[in-house]
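*Asks:* What follows is query-v2.txt; its format and atoms are compact mmCIF, C-alpha atoms.
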```txt
# COMPACT_ATOMS: atom_id res chain seq x y z
CA MET A 257 -7.48 16.12 -16.23
CA ALA A 258 -9.41 13.62 -14.18
CA GLU A 259 -12.70 15.27 -15.07
CA GLN A 260 -12.18 14.85 -18.80
CA HIS A 261 -11.57 11.11 -19.22
CA LYS A 262 -14.20 8.39 -19.07
CA HIS A 263 -14.17 6.20 -15.96
CA PRO A 264 -12.22 3.01 -16.26
CA ASN A 265 -14.33 0.08 -15.08
CA TYR A 266 -13.38 0.18 -11.40
CA TRP A 267 -15.14 -3.07 -10.54
CA ALA A 268 -13.13 -4.87 -13.23
CA ILE A 269 -9.89 -3.59 -11.67
CA TRP A 270 -11.19 -4.75 -8.29
CA ALA A 271 -11.84 -8.25 -9.72
CA VAL A 272 -8.34 -8.34 -11.25
CA LEU A 273 -6.76 -7.36 -7.91
CA LEU A 274 -8.81 -10.00 -6.12
CA VAL A 275 -7.83 -12.78 -8.55
CA LEU A 276 -4.15 -11.75 -8.41
CA THR A 277 -4.24 -11.83 -4.59
CA ILE A 278 -5.65 -15.36 -4.55
CA LEU A 279 -3.03 -16.35 -7.15
CA GLU A 280 -0.28 -14.86 -4.95
CA VAL A 281 -1.34 -16.83 -1.90
CA LEU A 282 -1.43 -20.03 -4.00
CA VAL A 283 1.96 -19.35 -5.63
CA ALA A 284 3.47 -18.77 -2.18
CA ARG A 285 2.47 -22.38 -1.29
CA LEU A 286 4.39 -23.81 -4.29
CA PRO A 287 7.63 -24.67 -2.41
CA HIS A 288 5.54 -26.70 0.06
CA TRP A 289 3.68 -28.54 -2.67
CA ILE A 290 6.42 -29.17 -5.22
CA ASP A 291 9.86 -29.17 -3.73
CA ASP A 292 11.59 -27.07 -1.11
CA THR A 293 14.63 -26.37 -3.28
CA ARG A 294 16.44 -23.15 -4.15
CA GLN A 295 15.21 -23.28 -7.77
CA VAL A 296 11.56 -23.53 -6.75
CA TRP A 297 12.05 -20.73 -4.24
CA ALA A 298 13.73 -18.51 -6.84
CA THR A 299 10.84 -19.07 -9.28
CA THR A 300 8.24 -18.50 -6.57
CA ILE A 301 9.81 -15.22 -5.46
CA THR A 302 10.18 -13.98 -9.04
CA VAL A 303 6.51 -14.74 -9.79
CA LEU A 304 5.41 -13.12 -6.50
CA VAL A 305 7.36 -9.93 -7.23
CA LEU A 306 5.87 -9.77 -10.72
CA LEU A 307 2.32 -10.29 -9.39
CA ALA A 308 2.82 -7.63 -6.70
CA PHE A 309 4.18 -5.24 -9.32
CA VAL A 310 1.15 -5.80 -11.59
CA LYS A 311 -1.21 -5.24 -8.63
CA ALA A 312 0.59 -2.07 -7.54
CA ALA A 313 0.58 -0.82 -11.14
CA CYS A 314 -3.19 -1.45 -11.41
CA VAL A 315 -3.82 0.61 -8.28
CA ALA A 316 -1.53 3.45 -9.39
CA LEU A 317 -2.68 3.57 -13.02
CA PHE A 318 -6.44 3.24 -12.57
CA PHE A 319 -7.39 4.03 -8.96
CA MET A 320 -4.87 6.87 -8.67
CA HIS A 321 -5.54 7.89 -12.30
CA LEU A 322 -1.85 8.01 -13.25
CA LYS A 323 -2.80 6.59 -16.66
CA PHE A 324 -4.63 9.82 -17.41
CA GLU A 325 -2.03 12.33 -16.20
CA ARG A 326 0.60 14.19 -18.21
CA LYS A 327 3.79 12.27 -18.99
CA LEU A 328 6.09 14.71 -17.18
CA PHE A 329 3.93 14.44 -14.07
CA VAL A 330 4.10 10.63 -14.19
CA VAL A 331 7.89 10.81 -14.52
CA ILE A 332 8.12 13.08 -11.47
CA VAL A 333 5.97 10.91 -9.22
CA CYS A 334 7.62 7.68 -10.38
CA ALA A 335 11.15 8.96 -9.69
CA PRO A 336 11.12 7.73 -6.05
CA LEU A 337 10.73 4.16 -7.41
CA PHE A 338 14.24 4.40 -8.85
CA LEU A 339 15.54 5.78 -5.54
CA ALA A 340 13.80 2.93 -3.74
CA ALA A 341 15.68 0.38 -5.84
CA VAL A 342 18.94 2.23 -5.10
CA LEU A 343 18.10 2.07 -1.40
CA VAL A 344 17.83 -1.75 -1.41
CA LEU A 345 20.98 -2.18 -3.51
CA ALA A 346 22.92 0.26 -1.30
CA LEU A 347 22.04 -1.67 1.85
CA LEU A 348 22.92 -5.09 0.45
CA PRO A 349 26.75 -5.00 0.58
CA ASP A 350 26.67 -3.65 4.11
CA VAL A 351 23.98 -5.68 5.85
CA GLY A 352 23.19 -8.41 3.36
CA PHE A 353 26.47 -9.84 2.16
CA ALA A 354 28.72 -8.80 5.03
CA ALA A 355 26.85 -11.12 7.38
CA GLY A 356 27.72 -13.95 5.02
CA GLY A 357 24.19 -15.08 4.20
CA MET B 253 -4.09 34.85 -24.04
CA THR B 254 -3.57 37.21 -21.17
CA THR B 255 -5.05 36.72 -17.72
CA THR B 256 -5.55 39.68 -15.46
CA LEU B 257 -4.38 39.52 -11.87
CA ALA B 258 -7.96 39.88 -10.66
CA ALA B 259 -9.01 36.85 -12.69
CA VAL B 260 -6.14 34.80 -11.29
CA ARG B 261 -7.07 35.76 -7.75
CA GLN B 262 -10.58 34.41 -8.24
CA ILE B 263 -9.24 30.87 -8.50
CA PRO B 264 -8.65 29.40 -5.02
CA ILE B 265 -4.97 28.63 -4.53
CA ALA B 266 -5.61 24.90 -3.99
CA GLU B 267 -7.38 24.71 -7.36
CA THR B 268 -4.74 26.43 -9.53
CA LYS B 269 -2.92 23.99 -11.73
CA VAL B 270 0.64 22.90 -12.29
CA LEU B 271 1.52 20.18 -14.80
CA GLY B 272 -2.19 19.64 -15.41
CA VAL B 273 -3.02 18.89 -11.78
CA THR B 274 -4.14 21.16 -8.96
CA HIS B 275 -1.61 22.42 -6.40
CA GLY B 276 -3.29 20.39 -3.68
CA LYS B 277 -3.06 17.19 -5.71
CA PHE B 278 0.53 17.90 -6.66
CA ALA B 279 1.40 18.45 -3.01
CA MET B 280 -0.24 15.15 -2.05
CA TRP B 281 1.79 13.34 -4.72
CA LEU B 282 4.99 14.93 -3.42
CA PHE B 283 4.05 13.81 0.09
CA LEU B 284 3.33 10.29 -1.18
CA GLY B 285 6.73 10.24 -2.88
CA SER B 286 8.52 11.07 0.36
CA ASP B 287 6.24 8.82 2.40
CA GLY B 288 6.98 6.04 -0.07
CA MET B 289 10.67 6.55 0.65
CA SER B 290 10.02 6.15 4.39
CA PHE B 291 8.23 2.87 3.72
CA MET B 292 10.96 1.83 1.34
CA GLY B 293 13.55 2.41 4.08
CA LEU B 294 11.74 -0.11 6.29
CA ILE B 295 11.09 -2.59 3.49
CA ALA B 296 14.68 -2.32 2.19
CA THR B 297 15.94 -3.00 5.70
CA TYR B 298 13.75 -6.09 5.90
CA VAL B 299 15.03 -7.37 2.55
CA ALA B 300 18.69 -6.65 3.37
CA VAL B 301 18.51 -8.17 6.86
CA ARG B 302 16.72 -11.20 5.49
CA ILE B 303 19.36 -11.79 2.80
CA GLY B 304 22.00 -11.40 5.52
CA ASN B 305 20.29 -14.18 7.52
CA LEU B 306 19.18 -16.46 4.69
CA HIS B 307 19.81 -19.68 6.61
CA ASN B 308 18.45 -18.69 9.99
CA TRP B 309 15.39 -16.71 8.91
CA PRO B 310 12.12 -18.14 10.26
CA ARG B 311 9.54 -19.22 7.69
CA PRO B 312 6.91 -16.45 7.87
CA ASP B 313 4.07 -18.88 7.17
CA GLU B 314 5.00 -20.96 10.22
CA ILE B 315 4.47 -17.95 12.50
CA LEU B 316 2.00 -15.66 10.73
CA ALA B 317 -1.58 -16.53 9.86
CA ILE B 318 -1.46 -16.12 6.07
CA PRO B 319 -5.19 -16.83 5.34
CA LEU B 320 -6.24 -14.17 7.88
CA THR B 321 -3.91 -11.62 6.33
CA ALA B 322 -5.06 -12.59 2.83
CA VAL B 323 -8.60 -11.71 3.98
CA ASN B 324 -7.22 -8.43 5.33
CA THR B 325 -5.60 -7.71 1.97
CA PHE B 326 -8.97 -8.37 0.36
CA VAL B 327 -10.62 -5.92 2.79
CA LEU B 328 -8.13 -3.21 1.86
CA ILE B 329 -8.64 -3.81 -1.87
CA CYS B 330 -12.41 -3.50 -1.32
CA SER B 331 -11.83 -0.22 0.52
CA SER B 332 -9.90 1.05 -2.49
CA VAL B 333 -12.72 0.31 -4.89
CA THR B 334 -15.29 1.96 -2.58
CA MET B 335 -12.99 5.02 -2.35
CA VAL B 336 -12.82 5.30 -6.10
CA GLN B 337 -16.63 4.93 -6.28
CA ALA B 338 -16.93 7.80 -3.77
CA PHE B 339 -14.73 9.88 -6.08
CA ALA B 340 -16.93 8.91 -9.04
CA GLY B 341 -19.92 10.05 -6.98
CA ALA B 342 -18.20 13.38 -6.33
CA GLN B 343 -17.52 13.84 -10.04
CA GLU B 344 -21.16 13.09 -10.87
CA GLY B 345 -22.28 15.51 -8.14
CA ASN B 346 -24.12 12.60 -6.50
CA VAL B 347 -23.76 13.49 -2.79
CA ALA B 348 -25.59 10.39 -1.53
CA LYS B 349 -23.23 8.09 -3.47
CA LEU B 350 -20.22 10.10 -2.29
CA ARG B 351 -21.33 9.94 1.36
CA ASN B 352 -22.24 6.24 1.34
CA PHE B 353 -19.04 5.11 -0.34
CA LEU B 354 -16.93 7.31 1.97
CA LEU B 355 -18.65 5.62 4.91
CA LEU B 356 -18.03 2.18 3.39
CA THR B 357 -14.35 3.05 2.86
CA MET B 358 -14.03 4.07 6.51
CA LEU B 359 -15.80 0.86 7.52
CA PHE B 360 -13.40 -1.32 5.50
CA GLY B 361 -10.42 0.63 6.86
CA SER B 362 -11.69 0.04 10.40
CA ILE B 363 -12.21 -3.68 9.71
CA PHE B 364 -8.62 -3.85 8.44
CA LEU B 365 -7.37 -2.23 11.66
CA GLY B 366 -9.53 -4.51 13.79
CA ILE B 367 -8.15 -7.63 12.11
CA GLN B 368 -4.61 -6.28 12.48
CA VAL B 369 -5.11 -5.68 16.21
CA TYR B 370 -6.54 -9.21 16.54
CA GLU B 371 -3.51 -10.53 14.61
CA TYR B 372 -1.05 -8.67 16.85
CA GLN B 373 -2.82 -9.88 19.97
CA HIS B 374 -2.70 -13.47 18.73
CA LEU B 375 0.97 -13.15 17.75
CA ILE B 376 2.09 -11.56 21.00
CA LEU B 377 -0.03 -13.48 23.51
CA ASP B 378 -0.48 -16.89 21.86
CA GLU B 379 2.53 -17.26 19.57
CA GLY B 380 5.06 -15.31 21.63
CA LEU B 381 6.23 -13.17 18.70
CA THR B 382 7.14 -9.94 20.49
CA ILE B 383 9.07 -7.00 19.12
CA ARG B 384 12.38 -8.51 20.22
CA ALA B 385 11.78 -12.25 20.46
CA LEU B 386 10.60 -15.11 18.27
CA PRO B 387 8.22 -17.84 19.44
CA ALA B 388 10.15 -20.24 21.71
CA GLU B 389 10.39 -23.15 19.24
CA HIS B 390 11.82 -20.86 16.56
CA ALA B 391 14.22 -19.17 18.97
CA ALA B 392 15.41 -22.64 20.03
CA LYS B 393 16.37 -23.37 16.40
CA GLY B 394 18.63 -20.32 16.51
CA GLU B 395 16.53 -18.30 14.07
CA SER B 396 17.02 -14.55 13.85
CA SER B 397 14.82 -12.39 16.07
CA LEU B 398 15.37 -9.59 13.57
CA PHE B 399 12.30 -11.03 11.85
CA ALA B 400 10.19 -9.96 14.82
CA SER B 401 11.40 -6.36 14.98
CA THR B 402 11.36 -5.76 11.20
CA PHE B 403 7.92 -7.38 10.93
CA TYR B 404 6.42 -5.11 13.57
CA ALA B 405 8.22 -2.01 12.26
CA CYS B 406 6.83 -2.44 8.74
CA THR B 407 3.29 -3.56 9.56
CA CYS B 408 2.81 -1.13 12.44
CA PHE B 409 4.04 1.84 10.38
CA HIS B 410 1.51 0.82 7.75
CA GLY B 411 -1.24 0.33 10.34
CA CYS B 412 -0.64 3.88 11.59
CA HIS B 413 -1.13 5.08 8.03
CA VAL B 414 -4.45 3.25 7.76
CA PHE B 415 -5.53 4.77 11.08
CA SER B 416 -4.58 8.27 9.88
CA GLY B 417 -6.42 7.52 6.66
CA VAL B 418 -9.64 6.63 8.51
CA VAL B 419 -9.37 9.86 10.54
CA TYR B 420 -8.65 11.85 7.34
CA LEU B 421 -11.68 10.26 5.63
CA GLY B 422 -13.78 11.10 8.70
CA LEU B 423 -12.81 14.78 8.45
CA ILE B 424 -13.64 14.80 4.74
CA LEU B 425 -16.96 13.06 5.47
CA ILE B 426 -17.85 15.78 8.02
CA GLY B 427 -17.14 18.30 5.25
CA VAL B 428 -19.42 16.39 2.87
CA LEU B 429 -22.24 16.25 5.46
CA ARG B 430 -21.93 20.03 5.98
CA GLY B 431 -21.90 20.64 2.24
CA ARG B 432 -18.31 21.84 2.28
CA TRP B 433 -16.43 19.69 -0.19
CA THR B 434 -14.85 19.84 -3.65
CA VAL B 435 -14.08 17.13 -6.20
CA ASN B 436 -10.41 18.08 -5.80
CA ARG B 437 -10.45 17.35 -2.06
CA ILE B 438 -12.12 13.96 -2.56
CA GLU B 439 -9.54 13.08 -5.20
CA ILE B 440 -6.67 14.01 -2.85
CA VAL B 441 -7.94 11.91 0.06
CA GLY B 442 -8.44 9.11 -2.48
CA LEU B 443 -4.80 9.33 -3.56
CA TYR B 444 -3.66 8.93 0.04
CA TRP B 445 -5.99 5.98 0.59
CA HIS B 446 -4.94 4.15 -2.59
CA PHE B 447 -1.29 4.72 -1.71
CA VAL B 448 -1.81 2.99 1.63
CA ASP B 449 -3.45 0.09 -0.24
CA LEU B 450 -0.55 0.00 -2.71
CA VAL B 451 2.04 -0.15 0.07
CA TRP B 452 0.12 -2.98 1.73
CA ILE B 453 0.28 -4.97 -1.53
CA ILE B 454 4.09 -4.71 -1.38
CA ILE B 455 4.33 -5.42 2.37
CA PHE B 456 1.97 -8.39 2.16
CA THR B 457 4.02 -9.93 -0.64
CA ILE B 458 7.46 -9.30 0.84
CA ILE B 459 6.84 -10.01 4.53
CA TYR B 460 4.01 -12.54 4.54
CA LEU B 461 4.53 -14.56 1.38
CA PHE B 462 8.29 -14.87 0.85
```
Mind converting the file's structure to structure tokens?
*Replies:*
Amino acid sequence: MAEQHKHPNYWAIWAVLLVLTILEVLVARLPHWIDDTRQVWATTITVLVLLAFVKAACVALFFMHLKFERKLFVVIVCAPLFLAAVLVLALLPDVGFAAGG
Amino acid sequence: MTTTLAAVRQIPIAETKVLGVTHGKFAMWLFLGSDGMSFMGLIATYVAVRIGNLHNWPRPDEILAIPLTAVNTFVLICSSVTMVQAFAGAQEGNVAKLRNFLLLTMLFGSIFLGIQVYEYQHLILDEGLTIRALPAEHAAKGESSLFASTFYACTCFHGCHVFSGVVYLGLILIGVLRGRWTVNRIEIVGLYWHFVDLVWIIIFTIIYLF
């Protein structure tokens, strides 16, 4: 499959990843600049997770060529993502909440 | 369309296709799926332990050097784009481009490892962040030393992957220099390398920035 599609512009993806990384580092400073409250922290973490997700998706879709693979193949290789989410949620009641954080 | 057994046998096993990708590539993806689960085990532990210690978790940016690690993240992203250029070179049949970009990728990977070793050395010797203890002023505040162990577990596991990746790239590069390489092989080593970059993006965000 990979041989048949045109190259995406790899340098453009690189620039996007670079800009998003700088943005991430700046966003992480927000609670220090604005206010060290729970609300600001919640917003910061949400934005950081979204940025990381976009970056990871860029790498997977363009550098790893997932965008150009068959749908069924993409479903198979993305299945562990669901399991990963289950893993975090499964650990939370035991370690996370039991300790009374 | 019927294919005779003899015709099938002429295709090397690693190049036969399943779901539109070669067996070798499919196997690498399966490995990455399971490897991703190993990483996720460590990252999930970090997240769960951190939520369990919300009020006595040290602020990562007070212990870790974020700008240095941001540079390291940049290095790894650069290594990803050089890897993909090497793959483009392989597709074009441009051996010089393939060789040079493979070398550059190895160089960036080595720089990443060098900075990580420097970071560890600084953390252990200057800051006092060892695998079981926080720096003294943080320990005095009663903060959880679980930060130290989970931090080293995640980043070191990733560092080992980068090291393996550099060795893997070196083996592929030897193949290229001896004229023994295929586009498929370059694509597979690329997948591994990009995966390591992808995991770093997650680790950097979750451990360094939160």
*Asks:* Could you name the residues that touch Arg311 of chain B at 12 Å or less, counting only C-alpha atoms, but leaving out those on the same chain fewer than 5 positions away, as a list of chain:residue names?
*Replies:*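 The residues satisfying every condition are A:Ala284, A:Arg285, A:Pro287, A:His288, A:Asp292, B:Arg302, B:Asn305, B:Leu306, B:Leu316, B:Ala317, B:Ile318, B:Leu386, B:Pro387, B:His390, B:Lys393, B:Glu395, B:Ser396, B:Phe399, B:Ala400, B:Ile459, B:Tyr460, B:Leu461, B:Phe462.
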*Asks:* Write out as a compact mmCIF listing (two decimals) with C-alpha atoms, in the frame of the given file which residues come within 7 Å of segment 261-277 of chain A when counting all atoms listed in the file, dropping same-chain ones fewer than 3 positions away.
*Replies:*
```txt
# COMPACT_ATOMS: atom_id res chain seq x y z
CA ALA A 258 -9.41 13.62 -14.18
CA GLU A 280 -0.28 -14.86 -4.95
CA VAL A 281 -1.34 -16.83 -1.90
CA LEU A 307 2.32 -10.29 -9.39
CA LYS A 311 -1.21 -5.24 -8.63
CA PHE A 318 -6.44 3.24 -12.57
CA PHE B 326 -8.97 -8.37 0.36
CA ILE B 329 -8.64 -3.81 -1.87
CA VAL B 333 -12.72 0.31 -4.89
```
*Asks:* As a PyMOL selection string, could you give me every residue of chain B near chain A (at most 6 Å apart, counting all atoms listed in the file)?
*Replies:* chain B and resi 285+292+296+300-301+303-306+443+450+461
*Asks:* Mind giving me the straight-line distance from atom CA of Pro310 of chain B to atom CA of Ile290 of chain A in Å, one decimal?
*Replies:*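 Computing the Euclidean distance for atom CA of Pro310 of chain B and atom CA of Ile290 of chain A yields 19.8 Å.
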*Asks:* Counting all atoms listed in the file, which of B:Phe339, B:Phe415, B:Tyr404, B:Phe283 gets nearest to Ile376 of chain B?
*Replies:* B:Tyr404
*Asks:* Need the shell around Gly417 of chain B: protein/DNA/RNA residues with any atom at most 9 Å away, counting all atoms listed in the file. Skip same-chain ones fewer than 4 positions apart. Format as a list in words?
*Replies:*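 Once the nearby chain positions are removed, what remains is Met358, Gly361, Cys412, His413, Leu421, Gly422, Val441, Tyr444, Trp445 and Val448 of chain B.
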*Asks:* Go ahead and write the selection's residues with C-alpha atoms as a compact mmCIF listing (two decimals), keeping the file's coordinate frame.
*Replies:*
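The file below, selection23.txt, is the result:
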```
# COMPACT_ATOMS: atom_id res chain seq x y z
CA MET B 358 -14.03 4.07 6.51
CA GLY B 361 -10.42 0.63 6.86
CA CYS B 412 -0.64 3.88 11.59
CA HIS B 413 -1.13 5.08 8.03
CA LEU B 421 -11.68 10.26 5.63
CA GLY B 422 -13.78 11.10 8.70
CA VAL B 441 -7.94 11.91 0.06
CA TYR B 444 -3.66 8.93 0.04
CA TRP B 445 -5.99 5.98 0.59
CA VAL B 448 -1.81 2.99 1.63
```
*Asks:* Could you write out as lines of an AutoDock Vina configuration file the box around segment 286-304 of chain B (axis-aligned, all atoms listed in the file, 5 Å on each side), with centre and edge lengths in Å to one decimal?
*Replies:*
```
center_x = 14.1
center_y = -0.4
center_z = 3.4
size_x = 25.8
size_y = 32.9
size_z = 16.9
```
*Asks:* Can you work out the spacing between atom CA of Phe364 of chain B and atom CA of Val327 of chain B in Å, to one decimal?
*Replies:*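 So the answer is 6.3 Å.
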*Asks:* What separation in Å, quoted to one decimal, exists between atom CA of Leu279 of chain A and atom CA of Val303 of chain A?
*Replies:*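 Computing the Euclidean distance for atom CA of Leu279 of chain A and atom CA of Val303 of chain A yields 10.0 Å.
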